[in-house]
file model02.pdb (PDB, C-alpha atoms)
MODEL        1
ATOM      1  CA  MET A 586       3.176 -18.797  -3.499
ATOM      2  CA  LEU A 587       5.639 -16.639  -5.421
ATOM      3  CA  GLY A 588       5.969 -12.876  -4.953
ATOM      4  CA  LEU A 589       7.044 -10.931  -8.055
ATOM      5  CA  LEU A 590       8.932  -7.600  -8.021
ATOM      6  CA  SER A 591      10.793  -5.742 -10.748
ATOM      7  CA  ASP A 592      12.329  -2.489 -11.923
ATOM      8  CA  SER A 593      12.935  -0.708  -8.634
ATOM      9  CA  HIS A 594      15.747   1.482 -10.077
ATOM     10  CA  GLY A 595      17.047   2.387  -6.645
ATOM     11  CA  ASP A 596      13.698   3.028  -4.957
ATOM     12  CA  LEU A 597      14.284   0.993  -1.805
ATOM     13  CA  ALA A 598      11.135   2.320  -0.130
ATOM     14  CA  ALA A 599       9.009   0.866  -2.928
ATOM     15  CA  PHE A 600      10.989  -2.379  -2.767
ATOM     16  CA  ASP A 601      10.319  -2.608   0.963
ATOM     17  CA  ALA A 602       6.623  -1.803   0.554
ATOM     18  CA  ALA A 603       6.233  -4.496  -2.116
ATOM     19  CA  TYR A 604       8.029  -7.099  -0.023
ATOM     20  CA  GLU A 605       5.921  -6.404   3.069
ATOM     21  CA  LEU A 606       2.702  -6.474   1.025
ATOM     22  CA  LEU A 607       3.510  -9.756  -0.715
ATOM     23  CA  ARG A 608       4.714 -11.356   2.515
ATOM     24  CA  ARG A 609       1.493 -10.337   4.243
ATOM     25  CA  LYS A 610      -0.494 -11.937   1.443
ATOM     26  CA  GLY A 611       1.288 -15.241   1.841
ATOM     27  CA  ALA A 612       4.367 -15.148  -0.415
ATOM     28  CA  ARG A 613       7.331 -17.008   1.024
ATOM     29  CA  ARG A 614       9.515 -17.059  -2.088
ATOM     30  CA  PHE A 615      10.272 -14.010  -4.211
ATOM     31  CA  ILE A 616      11.428 -13.206  -7.732
ATOM     32  CA  PHE A 617      13.223  -9.913  -8.381
ATOM     33  CA  ALA A 618      13.369  -9.562 -12.155
ATOM     34  CA  GLY A 619      16.108  -6.974 -12.232
ATOM     35  CA  ALA A 620      16.683  -3.259 -12.744
ATOM     36  CA  CYS A 621      18.539  -2.522 -10.542
ATOM     37  CA  TYR A 622      20.104  -5.917  -9.731
ATOM     38  CA  ALA A 623      22.010  -4.518  -6.726
ATOM     39  CA  ASP A 624      18.851  -3.102  -5.131
ATOM     40  CA  LEU A 625      18.241  -6.398  -3.348
ATOM     41  CA  ASP A 626      21.599  -6.112  -1.567
ATOM     42  CA  SER A 627      21.099  -2.417  -0.776
ATOM     43  CA  TRP A 628      17.604  -3.074   0.568
ATOM     44  CA  LEU A 629      18.787  -5.925   2.799
ATOM     45  CA  LEU A 630      21.552  -3.707   4.195
ATOM     46  CA  LEU A 631      19.068  -0.916   4.891
ATOM     47  CA  ARG A 632      16.642  -3.384   6.443
ATOM     48  CA  GLN A 633      19.390  -4.630   8.736
ATOM     49  CA  GLN A 634      19.883  -1.074   9.964
ATOM     50  CA  ARG A 635      16.191  -0.204  10.105
ATOM     51  CA  PRO A 636      13.341  -2.766  10.075
ATOM     52  CA  ARG A 637      11.049  -0.636   7.912
ATOM     53  CA  VAL A 638      11.942   1.966   5.284
ATOM     54  CA  ARG A 639       8.633   3.815   5.267
ATOM     55  CA  PRO A 640       4.961   3.074   4.524
ATOM     56  CA  PHE A 641       3.622   3.665   1.042
ATOM     57  CA  PRO A 642       0.235   5.430   1.460
ATOM     58  CA  GLU A 643       0.377   7.490  -1.727
ATOM     59  CA  ALA A 644      -0.450   4.617  -4.100
ATOM     60  CA  ALA A 645      -4.188   5.229  -3.800
ATOM     61  CA  LEU A 646      -3.750   8.959  -4.505
ATOM     62  CA  VAL A 647      -1.610   8.261  -7.559
ATOM     63  CA  ARG A 648      -4.176   5.766  -8.814
ATOM     64  CA  GLU A 649      -6.984   8.301  -8.399
ATOM     65  CA  GLU A 650      -5.083  11.097 -10.129
ATOM     66  CA  ALA A 651      -4.260   8.787 -13.027
ATOM     67  CA  GLY A 652      -7.894   7.756 -13.384
ATOM     68  CA  GLN A 653      -6.938   4.151 -12.659
ATOM     69  CA  LEU A 654      -9.273   3.230  -9.840
ATOM     70  CA  LEU A 655      -9.496  -0.390 -10.915
ATOM     71  CA  ALA A 656     -10.874  -1.680  -7.631
ATOM     72  CA  PRO A 657     -13.175  -0.413  -4.852
ATOM     73  CA  PRO A 658     -11.532   1.488  -2.011
ATOM     74  CA  HIS A 659      -9.212  -0.981  -0.327
ATOM     75  CA  GLU A 660      -9.240  -1.894   3.324
ATOM     76  CA  PRO A 661      -5.771  -3.251   4.174
ATOM     77  CA  ASP A 662      -5.638  -6.861   5.279
ATOM     78  CA  GLU A 663      -4.986  -7.433   8.930
ATOM     79  CA  ALA A 664      -1.318  -8.314   8.983
ATOM     80  CA  PRO A 665      -0.671 -11.839  10.249
ATOM     81  CA  ASN A 666       1.833 -12.397  13.007
ATOM     82  CA  LEU A 667       4.970 -12.441  10.880
ATOM     83  CA  PRO A 668       8.170 -12.096  12.882
ATOM     84  CA  ASP A 669      11.003 -10.006  11.510
ATOM     85  CA  GLU A 670      13.657 -12.162   9.876
ATOM     86  CA  GLU A 671      17.397 -11.840   9.625
ATOM     87  CA  PRO A 672      18.522 -10.381   6.263
ATOM     88  CA  ALA A 673      20.429 -13.577   5.484
ATOM     89  CA  ARG A 674      17.244 -15.619   5.789
ATOM     90  CA  ILE A 675      15.306 -13.152   3.652
ATOM     91  CA  ARG A 676      18.028 -13.336   1.005
ATOM     92  CA  GLU A 677      17.570 -17.113   0.795
ATOM     93  CA  ARG A 678      13.963 -16.581  -0.250
ATOM     94  CA  PHE A 679      14.902 -14.388  -3.227
ATOM     95  CA  SER A 680      15.936 -15.245  -6.782
ATOM     96  CA  ARG A 681      16.897 -12.458  -9.185
ATOM     97  CA  ALA A 682      17.751 -11.958 -12.838
ATOM     98  CA  PRO A 683      20.210  -9.279 -14.029
ATOM     99  CA  GLU A 684      19.375  -6.478 -16.442
ATOM    100  CA  ARG A 685      21.647  -5.621 -19.364
ATOM    101  CA  ASP A 686      23.004  -2.422 -17.824
ATOM    102  CA  CYS A 687      24.346  -4.013 -14.641
ATOM    103  CA  PRO A 688      27.850  -5.507 -14.212
ATOM    104  CA  GLU A 689      26.407  -8.870 -13.198
ATOM    105  CA  TYR A 690      24.915  -9.301 -16.683
ATOM    106  CA  LEU A 691      28.450  -9.835 -18.042
ATOM    107  CA  ASP A 692      29.552 -12.036 -15.150
ATOM    108  CA  PRO A 693      29.660 -15.680 -16.325
ATOM    109  CA  ALA A 694      28.960 -16.782 -12.746
ATOM    110  CA  VAL A 695      25.573 -14.999 -12.742
ATOM    111  CA  PRO A 696      22.835 -16.681 -14.814
ATOM    112  CA  ARG A 697      20.821 -14.357 -17.009
ATOM    113  CA  LYS A 698      17.844 -16.699 -16.798
ATOM    114  CA  LEU A 699      16.466 -18.620 -13.836
ATOM    115  CA  VAL A 700      14.113 -21.537 -13.372
ATOM    116  CA  GLU A 701      11.512 -21.439 -10.595
ATOM    117  CA  LEU A 702       8.953 -24.045  -9.606
ATOM    118  CA  VAL A 703       5.382 -22.939  -8.834
ATOM    119  CA  GLY A 704       3.512 -26.030  -7.772
ATOM    120  CA  ASP A 705       4.565 -28.514 -10.441
ATOM    121  CA  THR A 706       5.009 -25.842 -13.131
ATOM    122  CA  LEU A 707       8.492 -24.697 -14.103
ATOM    123  CA  CYS A 708       8.788 -20.988 -14.904
ATOM    124  CA  CYS A 709      11.610 -19.208 -16.746
ATOM    125  CA  VAL A 710      12.649 -15.860 -15.247
ATOM    126  CA  VAL A 711      14.423 -13.119 -17.191
ATOM    127  CA  HIS A 712      14.544  -9.339 -17.060
ATOM    128  CA  GLU A 713      14.373  -8.687 -20.799
ATOM    129  CA  LYS A 714      12.215 -10.916 -23.000
ATOM    130  CA  ASN A 715      14.656 -10.505 -25.892
ATOM    131  CA  ASP A 716      17.137 -12.622 -23.930
ATOM    132  CA  LEU A 717      14.927 -15.668 -24.389
ATOM    133  CA  SER A 718      16.290 -18.232 -26.810
ATOM    134  CA  ARG A 719      14.449 -20.483 -29.228
ATOM    135  CA  ASP A 720      15.002 -23.384 -26.851
ATOM    136  CA  ASP A 721      13.400 -21.419 -24.032
ATOM    137  CA  LEU A 722      10.363 -20.591 -26.136
ATOM    138  CA  GLU A 723       9.983 -24.147 -27.354
ATOM    139  CA  ASN A 724      10.296 -25.832 -23.985
ATOM    140  CA  ALA A 725       8.851 -23.427 -21.429
ATOM    141  CA  ALA A 726       5.240 -22.501 -20.852
ATOM    142  CA  VAL A 727       5.495 -19.601 -18.350
ATOM    143  CA  PHE A 728       7.930 -16.682 -18.552
ATOM    144  CA  ILE A 729       8.295 -14.154 -15.736
ATOM    145  CA  HIS A 730       9.953 -10.927 -16.873
ATOM    146  CA  GLY A 731      10.604  -7.313 -15.961
ATOM    147  CA  ASN A 732      11.073  -4.209 -18.117
ATOM    148  CA  ALA A 733       7.345  -3.450 -18.308
ATOM    149  CA  PRO A 734       5.464  -0.377 -17.013
ATOM    150  CA  GLU A 735       2.290  -2.247 -16.038
ATOM    151  CA  PRO A 736       1.498  -5.639 -14.545
ATOM    152  CA  ARG A 737      -0.005  -8.119 -16.962
ATOM    153  CA  ALA A 738      -0.342 -11.747 -17.956
ATOM    154  CA  VAL A 739      -0.410 -12.321 -21.714
ATOM    155  CA  GLN A 740      -0.935 -15.610 -23.489
ATOM    156  CA  ILE A 741       0.721 -16.137 -26.881
ATOM    157  CA  GLY A 742      -0.112 -19.553 -28.216
ATOM    158  CA  PRO A 743       0.653 -22.088 -25.478
ATOM    159  CA  ARG A 744       3.014 -19.688 -23.686
ATOM    160  CA  HIS A 745       2.282 -17.216 -20.898
ATOM    161  CA  PHE A 746       4.292 -14.040 -20.262
ATOM    162  CA  VAL A 747       3.735 -12.461 -16.850
ATOM    163  CA  THR A 748       5.228  -9.317 -15.342
ATOM    164  CA  PRO A 749       4.591  -7.546 -12.035
ATOM    165  CA  GLY A 750       5.022  -4.104 -13.595
ATOM    166  CA  ALA A 751       7.499  -1.592 -12.183
ATOM    167  CA  LEU A 752       8.331  -0.368  -8.694
ATOM    168  CA  SER A 753       9.777   2.866 -10.081
ATOM    169  CA  GLY A 754       9.215   5.069 -13.112
ATOM    170  CA  ALA A 755       5.611   3.979 -13.721
ATOM    171  CA  SER A 756       2.417   5.984 -13.215
ATOM    172  CA  LEU A 757       1.219   3.320 -10.788
ATOM    173  CA  ARG A 758       3.828   1.203  -9.032
ATOM    174  CA  SER A 759       2.929  -2.443  -8.615
ATOM    175  CA  CYS A 760       3.929  -5.981  -7.688
ATOM    176  CA  ALA A 761       2.248  -9.362  -8.126
ATOM    177  CA  LEU A 762       1.618 -12.875  -6.855
ATOM    178  CA  LEU A 763       1.827 -16.109  -8.836
ATOM    179  CA  GLU A 764       0.310 -19.077  -7.067
ATOM    180  CA  ARG A 765      -0.959 -22.582  -7.640
ATOM    181  CA  VAL A 766      -4.666 -22.934  -6.867
ATOM    182  CA  ASP A 767      -6.589 -26.147  -7.550
ATOM    183  CA  GLY A 768      -4.045 -27.273 -10.116
ATOM    184  CA  GLN A 769      -3.973 -23.953 -11.994
ATOM    185  CA  LEU A 770      -1.757 -20.882 -11.872
ATOM    186  CA  ARG A 771      -3.322 -17.609 -10.758
ATOM    187  CA  PHE A 772      -1.712 -14.199 -11.346
ATOM    188  CA  THR A 773      -2.797 -11.243  -9.209
ATOM    189  CA  ALA A 774      -1.358  -7.722  -9.407
ATOM    190  CA  PHE A 775      -1.430  -5.155  -6.605
ATOM    191  CA  ALA A 776      -0.725  -1.484  -6.117
ATOM    192  CA  LEU A 777       1.720  -0.851  -3.299
ATOM    193  CA  ASP A 778      -1.106   0.115  -0.931
ATOM    194  CA  GLY A 779      -2.462  -3.435  -1.323
ATOM    195  CA  ALA A 780      -5.343  -2.683  -3.669
ATOM    196  CA  PRO A 781      -5.786  -5.348  -6.369
ATOM    197  CA  LEU A 782      -5.332  -4.081  -9.918
ATOM    198  CA  GLY A 783      -8.135  -5.751 -11.810
ATOM    199  CA  GLU A 784      -9.338  -9.319 -11.414
ATOM    200  CA  PRO A 785      -6.953 -12.260 -10.931
ATOM    201  CA  GLN A 786      -5.951 -13.932 -14.195
ATOM    202  CA  TRP A 787      -5.825 -17.685 -14.645
ATOM    203  CA  LEU A 788      -3.133 -19.262 -16.798
ATOM    204  CA  ALA A 789      -4.378 -22.148 -18.926
ATOM    205  CA  LEU A 790      -1.391 -24.460 -19.083
ATOM    206  CA  GLU A 791      -0.687 -27.391 -21.330
ATOM    207  CA  ARG A 792       1.130 -30.272 -19.718
ATOM    208  CA  ARG A 793       4.798 -30.346 -20.714
ATOM    209  CA  SER A 794       7.322 -33.032 -20.040
ATOM    210  CA  LYS A 795      10.372 -30.773 -19.689
ATOM    211  CA  LEU A 796      11.693 -27.232 -19.408
ATOM    212  CA  SER A 797      15.151 -26.533 -20.798
ATOM    213  CA  VAL A 798      16.691 -23.133 -20.063
ATOM    214  CA  ARG A 799      20.246 -22.173 -20.895
ATOM    215  CA  GLY A 800      22.072 -19.985 -18.436
ATOM    216  CA  ARG A 801      23.294 -17.483 -21.046
TER     217      ARG A 801
ENDMDL
END
call {"tool": "encode", "arguments": {"input": "model02.pdb", "output": "structure tokens"}}
result
Amino acid sequence: MLGLLSDSHGDLAAFDAAYELLRRKGARRFIFAGACYADLDSWLLLRQQRPRVRPFPEAALVREEAGQLLAPPHEPDEAPNLPDEEPARIRERFSRAPERDCPEYLDPAVPRKLVELVGDTLCCVVHEKNDLSRDDLENAAVFIHGNAPEPRAVQIGPRHFVTPGALSGASLRSCALLERVDGQLRFTAFALDGAPLGEPQWLALERRSKLSVRGR
């Protein structure tokens, strides 16, 4: 099960809330699709100093004020017994893609695109969809990206573009899960208080023999 986060723009409290929510719901690997690329490092440093940044109870209020009550009032899941982990171990569970405004985007040692496996499906990860090449679009079926104000899964032909929405700068901050269920991929978006945003979406995938993604 893959947890999806993006576009935190320095909001480490939202980053922490999203991580704890997705971990509680079963995610053990995480994609951070950029903006700000260094937020992962800053969050891990803060977490090392303080196990929790702060809770995030205002998501329901924001949703109500915005007229976006997309789900019944949410009762938080009972948190499973998840021990705190060392930051180094948490870091091993994360993959991240750089955004164009960060120094790492110009670093040849940092790939602008990543490949992640969800079940037996290979997914291409990028912050900005315009960075996708023709080869990517021809060979891949699922693209995980950032730079979007709302969570969504959109199918264009045989391809699926999924985004968790934004952790900062959006009217309703969100994150998402991508998981393999009975041979299919299921995308579910959540507000940071844990309330689901709409119904889960199923990705109808065609079988592909390969996925070729260039690093730059």
call {"tool": "closest_residue", "arguments": {"input": "model02.pdb", "among": "A:Leu782, A:Ala733, A:Leu788, A:Ala623", "to": "Ser753 in chain A", "atoms": "only C-alpha atoms"}}
result
A:Ala733
call {"tool": "closest_residue", "arguments": {"input": "model02.pdb", "among": "A:Leu631, A:Met586, A:Ala620, A:Ala612", "to": "Gly754 in chain A", "atoms": "all atoms listed in the file"}}
result
A:Ala620
call {"tool": "resolve_selection", "arguments": {"input": "model02.pdb", "expression": "the PyMOL selection byres ((chain A and resi 700) around 8)", "output": "number ranges by chain"}}
result
A: 698-699, 701-702, 707-710, 798
call {"tool": "write_last_selection", "arguments": {"input": "model02.pdb", "atoms": "C-alpha atoms", "output": "PDB file, in the coordinates of the input"}}
result
ATOM      1  CA  LYS A 698      17.844 -16.699 -16.798  1.00  0.00           C
ATOM      2  CA  LEU A 699      16.466 -18.620 -13.836  1.00  0.00           C
ATOM      3  CA  GLU A 701      11.512 -21.439 -10.595  1.00  0.00           C
ATOM      4  CA  LEU A 702       8.953 -24.045  -9.606  1.00  0.00           C
ATOM      5  CA  LEU A 707       8.492 -24.697 -14.103  1.00  0.00           C
ATOM      6  CA  CYS A 708       8.788 -20.988 -14.904  1.00  0.00           C
ATOM      7  CA  CYS A 709      11.610 -19.208 -16.746  1.00  0.00           C
ATOM      8  CA  VAL A 710      12.649 -15.860 -15.247  1.00  0.00           C
ATOM      9  CA  VAL A 798      16.691 -23.133 -20.063  1.00  0.00           C
TER      10      VAL A 798
END
call {"tool": "atom_distance", "arguments": {"input": "model02.pdb", "atom1": "CA of Leu762 in chain A", "atom2": "CA of Phe775 in chain A"}}
result
8.3 Å
call {"tool": "atom_distance", "arguments": {"input": "model02.pdb", "atom1": "CA of Leu587 in chain A", "atom2": "CA of Leu630 in chain A"}}
result
22.6 Å
call {"tool": "closest_residue", "arguments": {"input": "model02.pdb", "among": "A:Val703, A:Cys621, A:Ile675, A:Val695", "to": "Glu764 in chain A", "atoms": "all atoms listed in the file"}}
result
A:Val703
call {"tool": "resolve_selection", "arguments": {"input": "model02.pdb", "expression": "the PyMOL selection byres ((chain A and resi 770) around 9)", "output": "PyMOL selection string"}}
result
chain A and resi 703-704+706+763-769+771-772+786-790
call {"tool": "resolve_selection", "arguments": {"input": "model02.pdb", "expression": "the PyMOL selection byres ((chain A and resi 627) around 12)", "output": "list in words"}}
result
Ser593, His594, Gly595, Asp596, Leu597, Ala598, Phe600, Asp601, Cys621, Tyr622, Ala623, Asp624, Leu625, Asp626, Trp628, Leu629, Leu630, Leu631, Arg632, Gln633, Gln634, Val638, Pro672 and Arg676 of chain A
call {"tool": "atom_distance", "arguments": {"input": "model02.pdb", "atom1": "CA of Glu791 in chain A", "atom2": "CA of Gln740 in chain A"}}
result
12.0 Å
call {"tool": "residues_near_point", "arguments": {"input": "model02.pdb", "point": "(11.5, -5.5, -10.9)", "cutoff": "8 Å", "atoms": "only C-alpha atoms", "output": "list in words"}}
result
Leu589, Leu590, Ser591, Asp592, Ser593, Phe617, Ala618, Gly619, Ala620, Cys621, His712, Gly731, Asn732, Pro749, Gly750, Ala751 and Leu752 of chain A
